[in-house]
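Q: Sending over input_11.cif (mmCIF, C-alpha atoms).
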data_upload
#
loop_
_atom_site.label_atom_id
_atom_site.label_comp_id
_atom_site.auth_asym_id
_atom_site.auth_seq_id
_atom_site.Cartn_x
_atom_site.Cartn_y
_atom_site.Cartn_z
CA MET A 110 -24.58 1.60 -6.07
CA GLY A 111 -26.62 -1.63 -6.12
CA THR A 112 -26.30 -5.28 -7.03
CA SER A 113 -27.81 -4.90 -10.50
CA GLY A 114 -30.68 -7.32 -9.97
CA GLY A 115 -28.96 -9.78 -7.64
CA SER A 116 -29.92 -10.51 -4.03
CA VAL A 117 -28.98 -7.90 -1.44
CA VAL A 118 -27.52 -8.56 2.01
CA THR A 119 -28.07 -6.07 4.83
CA PHE A 120 -26.59 -5.82 8.31
CA HIS A 121 -28.32 -3.78 11.02
CA LEU A 122 -26.86 -2.99 14.45
CA GLN A 123 -29.05 -1.44 17.16
CA ARG A 124 -28.21 -0.20 20.64
CA TYR A 125 -30.91 0.37 23.25
CA ALA A 126 -30.81 2.16 26.57
CA GLY A 127 -31.85 -0.87 28.64
CA ARG A 128 -31.46 -4.63 28.69
CA GLY A 129 -35.17 -5.18 28.14
CA ALA A 130 -34.49 -4.94 24.42
CA MET A 131 -33.76 -8.67 24.36
CA ARG A 132 -37.53 -9.28 24.26
CA HIS A 133 -37.42 -8.15 20.63
CA MET A 134 -35.50 -11.33 19.79
CA ALA A 135 -38.76 -13.20 20.36
CA PHE A 136 -41.28 -10.63 19.14
CA ASP A 137 -39.48 -9.83 15.86
CA ARG A 138 -39.33 -13.42 14.62
CA PRO A 139 -42.95 -13.79 13.46
CA VAL A 140 -42.77 -10.36 11.81
CA LEU A 141 -39.66 -11.35 9.86
CA ARG A 142 -41.21 -14.67 8.82
CA ARG A 143 -44.04 -12.72 7.16
CA THR A 144 -41.80 -10.12 5.49
CA GLY A 145 -42.02 -10.14 1.71
CA GLY A 146 -38.83 -10.53 -0.29
CA LEU A 147 -36.81 -11.73 2.74
CA LEU A 148 -34.90 -14.86 1.70
CA PHE A 149 -32.77 -15.52 4.80
CA TRP A 150 -32.39 -13.82 8.17
CA ARG A 151 -30.81 -14.19 11.58
CA LEU A 152 -31.36 -12.17 14.76
CA LEU A 153 -28.09 -12.07 16.69
CA GLY A 154 -26.93 -11.07 20.13
CA THR A 155 -23.61 -9.25 20.32
CA GLY A 156 -20.50 -9.17 22.47
CA ARG A 157 -19.15 -6.17 24.34
CA GLY A 158 -17.43 -3.48 22.32
CA ALA A 159 -15.23 -4.75 19.51
CA SER A 160 -14.36 -7.95 21.36
CA THR A 161 -15.08 -11.35 19.84
CA THR A 162 -14.54 -13.22 23.13
CA LEU A 163 -17.11 -14.34 25.73
CA GLY A 164 -19.31 -11.62 27.18
CA ALA A 165 -22.70 -10.38 25.99
CA ASP A 166 -23.95 -6.83 25.54
CA LEU A 167 -27.66 -7.16 26.29
CA ARG A 168 -28.35 -3.64 25.00
CA ARG A 169 -27.01 -4.23 21.48
CA TRP A 170 -28.57 -6.55 18.88
CA ALA A 171 -28.06 -7.28 15.21
CA LEU A 172 -30.07 -8.42 12.22
CA LEU A 173 -28.43 -10.04 9.20
CA ALA A 174 -30.76 -10.39 6.22
CA VAL A 175 -30.71 -11.49 2.58
CA TRP A 176 -33.29 -9.88 0.29
CA ARG A 177 -34.66 -10.68 -3.14
CA ASP A 178 -33.71 -7.22 -4.42
CA GLU A 179 -33.20 -3.57 -3.44
CA GLN A 180 -36.94 -2.88 -3.61
CA ALA A 181 -37.60 -5.48 -0.89
CA VAL A 182 -35.08 -3.71 1.36
CA GLU A 183 -36.70 -0.33 0.73
CA GLU A 184 -40.18 -1.67 1.53
CA PHE A 185 -38.95 -3.25 4.77
CA LEU A 186 -37.25 -0.05 5.92
CA ALA A 187 -40.27 2.09 5.03
CA ARG A 188 -43.16 -0.11 6.15
CA SER A 189 -42.11 -2.76 8.66
CA PRO A 190 -42.73 -2.15 12.37
CA ILE A 191 -39.21 -3.41 13.14
CA PRO A 192 -37.21 -0.49 11.65
CA ALA A 193 -39.97 1.84 12.86
CA ARG A 194 -39.17 0.67 16.40
CA TRP A 195 -35.45 1.09 15.76
CA ARG A 196 -36.05 4.72 14.84
CA ARG A 197 -38.34 5.23 17.82
CA GLU A 198 -36.56 3.34 20.62
CA ALA A 199 -32.90 2.68 19.79
CA ILE A 200 -30.33 5.18 21.03
CA GLU A 201 -28.01 4.25 18.17
CA THR A 202 -28.49 2.44 14.85
CA TRP A 203 -26.17 1.52 12.02
CA HIS A 204 -27.10 -0.15 8.73
CA VAL A 205 -25.16 -1.25 5.67
CA ARG A 206 -25.92 -3.01 2.41
CA LEU A 207 -23.54 -5.70 1.26
CA ALA A 208 -22.72 -7.17 -2.15
CA PRO A 209 -21.30 -10.71 -1.65
CA THR A 210 -18.04 -11.32 -3.51
CA ALA A 211 -17.08 -14.70 -2.01
CA SER A 212 -18.78 -17.28 0.19
CA ARG A 213 -18.00 -20.82 1.29
CA GLY A 214 -19.69 -23.07 3.78
CA ARG A 215 -23.22 -23.29 5.15
CA TRP A 216 -25.43 -21.72 7.81
CA ASN A 217 -27.87 -24.27 9.26
CA GLY A 218 -27.56 -26.20 6.02
CA ALA A 219 -28.23 -23.18 3.79
CA GLU A 220 -25.91 -21.30 1.44
CA PRO A 221 -27.41 -17.81 1.86
CA PHE A 222 -24.95 -15.64 -0.05
CA ALA A 223 -24.73 -15.79 -3.85
CA PRO A 224 -21.58 -13.90 -4.86
CA VAL A 225 -21.90 -11.02 -7.33
CA THR A 226 -19.20 -11.17 -9.98
CA GLY A 227 -17.82 -8.55 -12.33
CA GLY A 228 -18.57 -4.83 -12.36
CA PRO A 229 -17.36 -2.91 -9.31
CA TYR A 230 -17.86 -5.83 -6.94
CA GLY A 231 -15.40 -8.53 -7.80
CA GLY A 232 -11.92 -8.74 -9.21
CA PRO A 233 -10.01 -12.02 -9.62
CA TYR A 234 -10.72 -14.69 -6.98
CA GLY A 235 -13.79 -12.86 -5.68
CA GLU A 236 -11.86 -9.92 -4.25
CA PRO A 237 -13.25 -6.38 -4.52
CA ARG A 238 -11.42 -4.17 -6.99
CA SER A 239 -10.70 -1.50 -4.35
CA GLY A 240 -12.00 0.05 -1.17
CA PRO A 241 -13.46 -1.34 2.08
CA VAL A 242 -14.53 -4.94 2.52
CA ALA A 243 -16.75 -6.64 5.08
CA VAL A 244 -16.09 -10.16 6.40
CA LEU A 245 -18.57 -12.48 8.09
CA THR A 246 -17.59 -15.70 9.83
CA ARG A 247 -19.95 -18.14 11.51
CA ALA A 248 -19.38 -21.52 13.17
CA SER A 249 -21.27 -24.17 15.10
CA ILE A 250 -18.74 -25.36 17.68
CA ARG A 251 -18.81 -28.98 18.77
CA PRO A 252 -19.60 -29.14 22.53
CA SER A 253 -16.43 -31.13 23.22
CA ARG A 254 -14.35 -28.39 21.55
CA LEU A 255 -15.87 -25.40 23.36
CA PRO A 256 -13.14 -25.16 26.06
CA ALA A 257 -10.37 -25.19 23.45
CA PHE A 258 -12.19 -22.66 21.30
CA TYR A 259 -12.64 -20.15 24.11
CA ARG A 260 -9.09 -20.64 25.39
CA SER A 261 -7.84 -19.63 21.96
CA ALA A 262 -10.15 -16.62 21.54
CA PRO A 263 -8.24 -13.98 23.60
CA ALA A 264 -5.04 -14.27 21.54
CA VAL A 265 -6.95 -13.90 18.27
CA ASP A 266 -8.91 -10.99 19.75
CA ARG A 267 -5.69 -9.18 20.70
CA TRP A 268 -4.35 -9.70 17.16
CA LEU A 269 -7.58 -8.31 15.72
CA ARG A 270 -7.41 -5.21 17.93
CA ALA A 271 -3.84 -4.58 16.75
CA GLN A 272 -4.89 -4.29 13.10
CA GLU A 273 -4.79 -0.73 11.82
CA GLY A 274 -6.78 -1.80 8.79
CA CYS A 275 -9.75 -3.02 10.85
CA LEU A 276 -12.40 -0.29 10.83
CA ALA A 277 -14.86 -2.02 13.19
CA SER A 278 -15.71 -5.50 14.45
CA VAL A 279 -18.33 -7.23 16.56
CA GLY A 280 -18.72 -10.75 17.92
CA MET A 281 -22.20 -12.21 17.66
CA GLY A 282 -24.15 -15.31 18.60
CA GLU A 283 -27.48 -16.83 17.61
CA TRP A 284 -27.32 -19.38 20.42
CA PRO A 285 -25.30 -18.83 23.61
CA VAL A 286 -21.72 -20.08 23.52
CA ALA A 287 -21.88 -22.74 20.77
CA ARG A 288 -23.02 -20.86 17.63
CA GLN A 289 -20.76 -17.90 17.13
CA ALA A 290 -20.25 -15.34 14.38
CA THR A 291 -18.13 -12.26 13.70
CA PHE A 292 -18.72 -9.26 11.45
CA SER A 293 -15.80 -6.98 10.63
CA LEU A 294 -15.07 -4.07 8.32
CA TRP A 295 -11.64 -3.58 6.72
CA ARG A 296 -9.94 -0.72 4.92
CA ASP A 297 -9.34 -3.02 1.94
CA ALA A 298 -8.89 -6.67 1.01
CA ALA A 299 -5.16 -6.54 1.76
CA ALA A 300 -5.85 -5.53 5.37
CA ALA A 301 -8.29 -8.42 5.80
CA ARG A 302 -5.74 -10.87 4.36
CA ALA A 303 -3.03 -9.55 6.68
CA PHE A 304 -5.17 -10.38 9.71
CA ALA A 305 -6.03 -13.83 8.40
CA TYR A 306 -2.56 -14.94 7.30
CA ALA A 307 0.18 -12.71 8.75
CA GLY A 308 -0.46 -13.31 12.45
CA ARG A 309 0.69 -16.50 14.16
CA ALA A 310 -2.19 -16.50 16.68
CA HIS A 311 -4.85 -16.63 13.99
CA ARG A 312 -2.96 -19.13 11.81
CA GLU A 313 -2.45 -21.50 14.74
CA VAL A 314 -6.13 -21.44 15.65
CA VAL A 315 -7.10 -22.20 12.05
CA GLU A 316 -4.67 -25.12 12.05
CA ARG A 317 -6.14 -26.51 15.29
CA VAL A 318 -9.69 -26.09 13.97
CA ARG A 319 -8.79 -28.27 10.98
CA ALA A 320 -6.68 -30.79 12.85
CA HIS A 321 -9.15 -31.38 15.70
CA ASP A 322 -12.46 -30.84 13.87
CA TRP A 323 -13.75 -28.09 16.18
CA TYR A 324 -16.76 -27.15 14.05
CA SER A 325 -19.78 -29.15 12.93
CA GLU A 326 -20.55 -26.39 10.41
CA GLU A 327 -18.86 -23.17 9.34
CA LEU A 328 -19.22 -20.31 6.89
CA PHE A 329 -16.98 -17.54 5.60
CA ALA A 330 -18.23 -14.70 3.40
CA ARG A 331 -16.72 -11.49 2.06
CA PHE A 332 -18.67 -8.48 0.82
CA VAL A 333 -18.36 -5.02 -0.67
CA PRO A 334 -20.20 -2.68 1.76
CA TYR A 335 -22.21 0.25 0.41
CA ALA A 336 -24.99 2.66 1.41
CA SER A 337 -24.14 2.71 5.12
CA ALA A 338 -26.22 4.92 7.42
CA GLY A 339 -26.23 5.83 11.10
CA THR A 340 -23.49 5.34 13.67
CA TRP A 341 -21.65 2.42 15.26
CA ASP A 342 -20.19 3.45 18.63
CA GLY A 343 -20.57 7.10 17.74
CA ALA A 344 -19.38 7.13 14.12
CA ASP A 345 -19.97 5.54 10.74
CA PRO A 346 -16.83 3.40 10.26
CA LEU A 347 -17.26 3.58 6.47
CA ALA A 348 -17.52 7.38 6.34
CA ASP A 349 -13.71 7.62 6.25
CA PRO A 350 -12.17 4.16 5.76
CA HIS A 351 -8.66 5.58 6.29
CA ALA A 352 -9.46 6.97 9.74
CA GLY A 353 -8.72 3.72 11.59
CA PRO A 354 -10.80 1.54 13.91
CA VAL A 355 -13.76 2.73 15.95
CA ALA A 356 -12.79 2.79 19.64
CA ASP A 357 -14.67 0.72 22.20
CA PRO A 358 -17.36 2.75 23.96
#
Render the structure in this file as structure tokens.
A:
Amino acid sequence: MGTSGGSVVTFHLQRYAGRGAMRHMAFDRPVLRRTGGLLFWRLLGTGRGASTTLGADLRRWALLAVWRDEQAVEEFLARSPIPARWRREAIETWHVRLAPTASRGRWNGAEPFAPVTGGPYGGPYGEPRSGPVAVLTRASIRPSRLPAFYRSAPAVDRWLRAQEGCLASVGMGEWPVARQATFSLWRDAAAARAFAYAGRAHREVVERVRAHDWYSEELFARFVPYASAGTWDGADPLADPHAGPVADP
């Protein structure tokens, strides 16, 4: 399965034995800037376990990348020193390729995800025809709205953890506290919609975000995940999408 000539998004999650891995956030940047076929990328710190609330896991780091094509991904994985180090030093790695089916908003002024339409990727309204979906959210929170944002986070986090259709989730940040993102995997599009619209906690936060202008910039994107490899907290959450969520380590 591929994107038939369109750009390819990849998500990589690495866990190391020690906290010294955070040095790679600095050392990997010049390597990524020189990587051929890489159109957009972000190195991201992560939260603890499946939680999307405050609290960093300094042993786990993520890379989100947009590539010109599948060949660029293959060359990066085979030749770059970054995945070579993942294989050599990380105690756990998980990777997935993503075909965008819907995207709205911007990330530092850019629109990085060009949705793929038709074929197996998109049905009406940008929804996948069947099977698991991945959801990415990202927001730059206005400093004056940070207290309200983090007061609201625990209720939304509890609602997320209650979702049987959520296969895995991780909170992420590219800058401490104020620039936050989430990546989650869902059994299907219906399960993702149920989280977004059926729960009062999440609906109320969305209403307050709009009413009080919490974000200076935001982005929402949905993808069809494919070609996953490795483990995330001991298992590949896409190996059996009906098995339920991955437990916190």
Q: Taking the file as I've supplied it (selection: the PyMOL selection byres ((chain A and resi 149) around 7)), which residues are included? Please answer as a CSV table (one decimal) with C-alpha atoms, keeping the file's coordinate frame.
A:
chain,number,residue,atom,x,y,z
A,147,LEU,CA,-36.8,-11.7,2.7
A,148,LEU,CA,-34.9,-14.9,1.7
A,150,TRP,CA,-32.4,-13.8,8.2
A,174,ALA,CA,-30.8,-10.4,6.2
A,175,VAL,CA,-30.7,-11.5,2.6
A,221,PRO,CA,-27.4,-17.8,1.9
Q: Starting from the shown file, work through the PyMOL selection byres ((chain A and resi 247) around 10) and note down what comes out as a list in words.
A: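 Expected selection for the PyMOL selection byres ((chain A and resi 247) around 10) here is Gly214, Arg215, Trp216, Leu245, Thr246, Ala248, Ser249, Ile250, Gly280, Met281, Gly282, Glu283, Arg288, Gln289, Ala290, Thr291, Phe292, Tyr324, Glu326, Glu327, Leu328, Phe329 and Ala330 of chain A.
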Q: Assuming the chain letters and numbering stay as they are in my file, what does the PyMOL selection byres ((chain A and resi 131-138) around 9) actually select? List them as a PDB file with C-alpha atoms, keeping the file's coordinate frame.
A:
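Saved the output as result-v4.pdb:
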ATOM      1  CA  ARG A 128     -31.460  -4.630  28.690  1.00  0.00           C
ATOM      2  CA  GLY A 129     -35.170  -5.180  28.140  1.00  0.00           C
ATOM      3  CA  ALA A 130     -34.490  -4.940  24.420  1.00  0.00           C
ATOM      4  CA  PRO A 139     -42.950 -13.790  13.460  1.00  0.00           C
ATOM      5  CA  VAL A 140     -42.770 -10.360  11.810  1.00  0.00           C
ATOM      6  CA  LEU A 141     -39.660 -11.350   9.860  1.00  0.00           C
ATOM      7  CA  ARG A 142     -41.210 -14.670   8.820  1.00  0.00           C
ATOM      8  CA  ARG A 143     -44.040 -12.720   7.160  1.00  0.00           C
ATOM      9  CA  LEU A 152     -31.360 -12.170  14.760  1.00  0.00           C
ATOM     10  CA  LEU A 153     -28.090 -12.070  16.690  1.00  0.00           C
ATOM     11  CA  GLY A 154     -26.930 -11.070  20.130  1.00  0.00           C
ATOM     12  CA  LEU A 167     -27.660  -7.160  26.290  1.00  0.00           C
ATOM     13  CA  ARG A 168     -28.350  -3.640  25.000  1.00  0.00           C
ATOM     14  CA  ARG A 169     -27.010  -4.230  21.480  1.00  0.00           C
ATOM     15  CA  TRP A 170     -28.570  -6.550  18.880  1.00  0.00           C
ATOM     16  CA  ILE A 191     -39.210  -3.410  13.140  1.00  0.00           C
TER      17      ILE A 191
END
Q: Take CA of Cys275 in chain A and CA of Trp323 in chain A and report the distance between them in Å, one decimal.
A: 25.9 Å
Q: Measure the distance from CA of Arg151 in chain A to CA of Ala171 in chain A in Å and round it to one decimal.
A: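 Interatomic distance, CA of Arg151 in chain A to CA of Ala171 in chain A: 8.3 Å.
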Q: For a test of reading the model, state the distance in Å between CA of Ala277 in chain A and CA of Leu347 in chain A, rounded to one decimal.
A: 9.1 Å
Q: Take every atom of range 171-183 of chain A listed in the file, pad by 4 Å on each side, and give me the axis-aligned box centre and edge lengths in Å, one decimal, as lines of an AutoDock Vina configuration file.
A:
center_x = -32.8
center_y = -5.9
center_z = 5.4
size_x = 17.5
size_y = 19.2
size_z = 27.6
Q: Would you pick out the contacts of His204 in chain A at 6 Å or less, using all atoms listed in the file, so that residues sharing its chain but fewer than 4 positions from it are not included, and give the list as a ChimeraX atom specification?
A: /A:120-121,337-338
Q: Using all atoms listed in the file, which of the listed residues (A:Pro190, A:Pro252, A:Gly343, A:Pro241) sits closest to Ala301 in chain A?
A: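 Among the listed residues, the smallest separation from Ala301 in chain A belongs to A:Pro241.
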Q: Using only C-alpha atoms for the distances, tell me which of A:Gly164, A:Gly146, A:Pro224, A:Gly339 is nearest to Leu207 in chain A.
A: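 Using only C-alpha atoms, Leu207 in chain A sits closest to A:Pro224.
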Q: Counting all atoms listed in the file, which of A:Leu255, A:Ala223, A:Val205, A:Val315 gets nearest to Leu294 in chain A?
A: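 Between A:Leu255, A:Ala223, A:Val205, A:Val315, the residue approaching Leu294 in chain A most closely is A:Val205.
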Q: Kindly extract all protein, DNA and RNA residues lying within 10 Å of the coordinates (-30.4, 8.5, 18.1) given in the file, considering only C-alpha atoms, and supply them as a PDB file with C-alpha atoms, keeping the file's coordinate frame.
A:
ATOM      1  CA  ARG A 124     -28.210  -0.200  20.640  1.00  0.00           C
ATOM      2  CA  TYR A 125     -30.910   0.370  23.250  1.00  0.00           C
ATOM      3  CA  TRP A 195     -35.450   1.090  15.760  1.00  0.00           C
ATOM      4  CA  ARG A 196     -36.050   4.720  14.840  1.00  0.00           C
ATOM      5  CA  ARG A 197     -38.340   5.230  17.820  1.00  0.00           C
ATOM      6  CA  GLU A 198     -36.560   3.340  20.620  1.00  0.00           C
ATOM      7  CA  ALA A 199     -32.900   2.680  19.790  1.00  0.00           C
ATOM      8  CA  ILE A 200     -30.330   5.180  21.030  1.00  0.00           C
ATOM      9  CA  GLU A 201     -28.010   4.250  18.170  1.00  0.00           C
ATOM     10  CA  THR A 202     -28.490   2.440  14.850  1.00  0.00           C
ATOM     11  CA  GLY A 339     -26.230   5.830  11.100  1.00  0.00           C
ATOM     12  CA  THR A 340     -23.490   5.340  13.670  1.00  0.00           C
ATOM     13  CA  GLY A 343     -20.570   7.100  17.740  1.00  0.00           C
TER      14      GLY A 343
END
Q: When distances are computed from all atoms listed in the file, which of A:Ala211, A:Ala165, A:Ala257, A:Ala262 shows the smallest separation from Ala243 in chain A?
A: A:Ala211
Q: Compare A:Ala298, A:Val279, A:Leu269, A:Ala193 by their minimum atom-to-atom distance to Ser239 in chain A, counting all atoms listed in the file, and give me the closest one.
A: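 Smallest distance to Ser239 in chain A is found for A:Ala298.
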Q: Reconstruct N, CA, C and O atoms of range 255-273 of chain A from the incomplete input and present them as a PDB file, keeping the file's coordinate frame.
A:
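The result, written out as rebuild_7.pdb:
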ATOM      1  N   LEU A 255     -15.625 -26.746  22.844  1.00  0.00           N
ATOM      2  CA  LEU A 255     -15.870 -25.400  23.360  1.00  0.00           C
ATOM      3  C   LEU A 255     -14.753 -24.887  24.271  1.00  0.00           C
ATOM      4  O   LEU A 255     -14.329 -23.731  24.132  1.00  0.00           O
ATOM      5  N   PRO A 256     -14.231 -25.686  25.219  1.00  0.00           N
ATOM      6  CA  PRO A 256     -13.140 -25.160  26.060  1.00  0.00           C
ATOM      7  C   PRO A 256     -11.924 -24.741  25.245  1.00  0.00           C
ATOM      8  O   PRO A 256     -11.349 -23.663  25.492  1.00  0.00           O
ATOM      9  N   ALA A 257     -11.530 -25.541  24.267  1.00  0.00           N
ATOM     10  CA  ALA A 257     -10.370 -25.190  23.450  1.00  0.00           C
ATOM     11  C   ALA A 257     -10.647 -23.944  22.625  1.00  0.00           C
ATOM     12  O   ALA A 257      -9.768 -23.067  22.484  1.00  0.00           O
ATOM     13  N   PHE A 258     -11.844 -23.827  22.098  1.00  0.00           N
ATOM     14  CA  PHE A 258     -12.190 -22.660  21.300  1.00  0.00           C
ATOM     15  C   PHE A 258     -12.068 -21.382  22.122  1.00  0.00           C
ATOM     16  O   PHE A 258     -11.450 -20.402  21.697  1.00  0.00           O
ATOM     17  N   TYR A 259     -12.650 -21.381  23.305  1.00  0.00           N
ATOM     18  CA  TYR A 259     -12.640 -20.150  24.110  1.00  0.00           C
ATOM     19  C   TYR A 259     -11.293 -19.879  24.769  1.00  0.00           C
ATOM     20  O   TYR A 259     -10.994 -18.732  25.092  1.00  0.00           O
ATOM     21  N   ARG A 260     -10.467 -20.903  24.942  1.00  0.00           N
ATOM     22  CA  ARG A 260      -9.090 -20.640  25.390  1.00  0.00           C
ATOM     23  C   ARG A 260      -8.296 -19.925  24.313  1.00  0.00           C
ATOM     24  O   ARG A 260      -7.406 -19.116  24.610  1.00  0.00           O
ATOM     25  N   SER A 261      -8.592 -20.226  23.065  1.00  0.00           N
ATOM     26  CA  SER A 261      -7.840 -19.630  21.960  1.00  0.00           C
ATOM     27  C   SER A 261      -8.320 -18.228  21.593  1.00  0.00           C
ATOM     28  O   SER A 261      -7.603 -17.465  20.948  1.00  0.00           O
ATOM     29  N   ALA A 262      -9.539 -17.874  22.000  1.00  0.00           N
ATOM     30  CA  ALA A 262     -10.150 -16.620  21.540  1.00  0.00           C
ATOM     31  C   ALA A 262      -9.391 -15.364  21.972  1.00  0.00           C
ATOM     32  O   ALA A 262      -9.253 -14.424  21.168  1.00  0.00           O
ATOM     33  N   PRO A 263      -8.886 -15.248  23.217  1.00  0.00           N
ATOM     34  CA  PRO A 263      -8.240 -13.980  23.600  1.00  0.00           C
ATOM     35  C   PRO A 263      -7.032 -13.614  22.743  1.00  0.00           C
ATOM     36  O   PRO A 263      -6.841 -12.426  22.424  1.00  0.00           O
ATOM     37  N   ALA A 264      -6.215 -14.583  22.352  1.00  0.00           N
ATOM     38  CA  ALA A 264      -5.040 -14.270  21.540  1.00  0.00           C
ATOM     39  C   ALA A 264      -5.446 -13.746  20.167  1.00  0.00           C
ATOM     40  O   ALA A 264      -4.864 -12.788  19.650  1.00  0.00           O
ATOM     41  N   VAL A 265      -6.468 -14.359  19.574  1.00  0.00           N
ATOM     42  CA  VAL A 265      -6.950 -13.900  18.270  1.00  0.00           C
ATOM     43  C   VAL A 265      -7.574 -12.508  18.420  1.00  0.00           C
ATOM     44  O   VAL A 265      -7.400 -11.639  17.555  1.00  0.00           O
ATOM     45  N   ASP A 266      -8.287 -12.289  19.511  1.00  0.00           N
ATOM     46  CA  ASP A 266      -8.910 -10.990  19.750  1.00  0.00           C
ATOM     47  C   ASP A 266      -7.857  -9.894  19.879  1.00  0.00           C
ATOM     48  O   ASP A 266      -8.022  -8.795  19.336  1.00  0.00           O
ATOM     49  N   ARG A 267      -6.764 -10.176  20.576  1.00  0.00           N
ATOM     50  CA  ARG A 267      -5.690  -9.180  20.700  1.00  0.00           C
ATOM     51  C   ARG A 267      -5.080  -8.884  19.332  1.00  0.00           C
ATOM     52  O   ARG A 267      -4.754  -7.716  19.026  1.00  0.00           O
ATOM     53  N   TRP A 268      -4.904  -9.900  18.505  1.00  0.00           N
ATOM     54  CA  TRP A 268      -4.350  -9.700  17.160  1.00  0.00           C
ATOM     55  C   TRP A 268      -5.293  -8.853  16.310  1.00  0.00           C
ATOM     56  O   TRP A 268      -4.870  -7.962  15.585  1.00  0.00           O
ATOM     57  N   LEU A 269      -6.596  -9.096  16.449  1.00  0.00           N
ATOM     58  CA  LEU A 269      -7.580  -8.310  15.720  1.00  0.00           C
ATOM     59  C   LEU A 269      -7.512  -6.843  16.137  1.00  0.00           C
ATOM     60  O   LEU A 269      -7.517  -5.931  15.298  1.00  0.00           O
ATOM     61  N   ARG A 270      -7.441  -6.579  17.435  1.00  0.00           N
ATOM     62  CA  ARG A 270      -7.410  -5.210  17.930  1.00  0.00           C
ATOM     63  C   ARG A 270      -6.149  -4.466  17.491  1.00  0.00           C
ATOM     64  O   ARG A 270      -6.129  -3.232  17.453  1.00  0.00           O
ATOM     65  N   ALA A 271      -5.100  -5.201  17.167  1.00  0.00           N
ATOM     66  CA  ALA A 271      -3.840  -4.580  16.750  1.00  0.00           C
ATOM     67  C   ALA A 271      -3.839  -4.182  15.273  1.00  0.00           C
ATOM     68  O   ALA A 271      -2.888  -3.532  14.821  1.00  0.00           O
ATOM     69  N   GLN A 272      -4.883  -4.539  14.538  1.00  0.00           N
ATOM     70  CA  GLN A 272      -4.890  -4.290  13.100  1.00  0.00           C
ATOM     71  C   GLN A 272      -5.336  -2.877  12.772  1.00  0.00           C
ATOM     72  O   GLN A 272      -6.480  -2.490  13.030  1.00  0.00           O
ATOM     73  N   GLU A 273      -4.438  -2.090  12.215  1.00  0.00           N
ATOM     74  CA  GLU A 273      -4.790  -0.730  11.820  1.00  0.00           C
ATOM     75  C   GLU A 273      -5.837  -0.712  10.722  1.00  0.00           C
ATOM     76  O   GLU A 273      -6.609   0.234  10.602  1.00  0.00           O
TER      77      GLU A 273
END
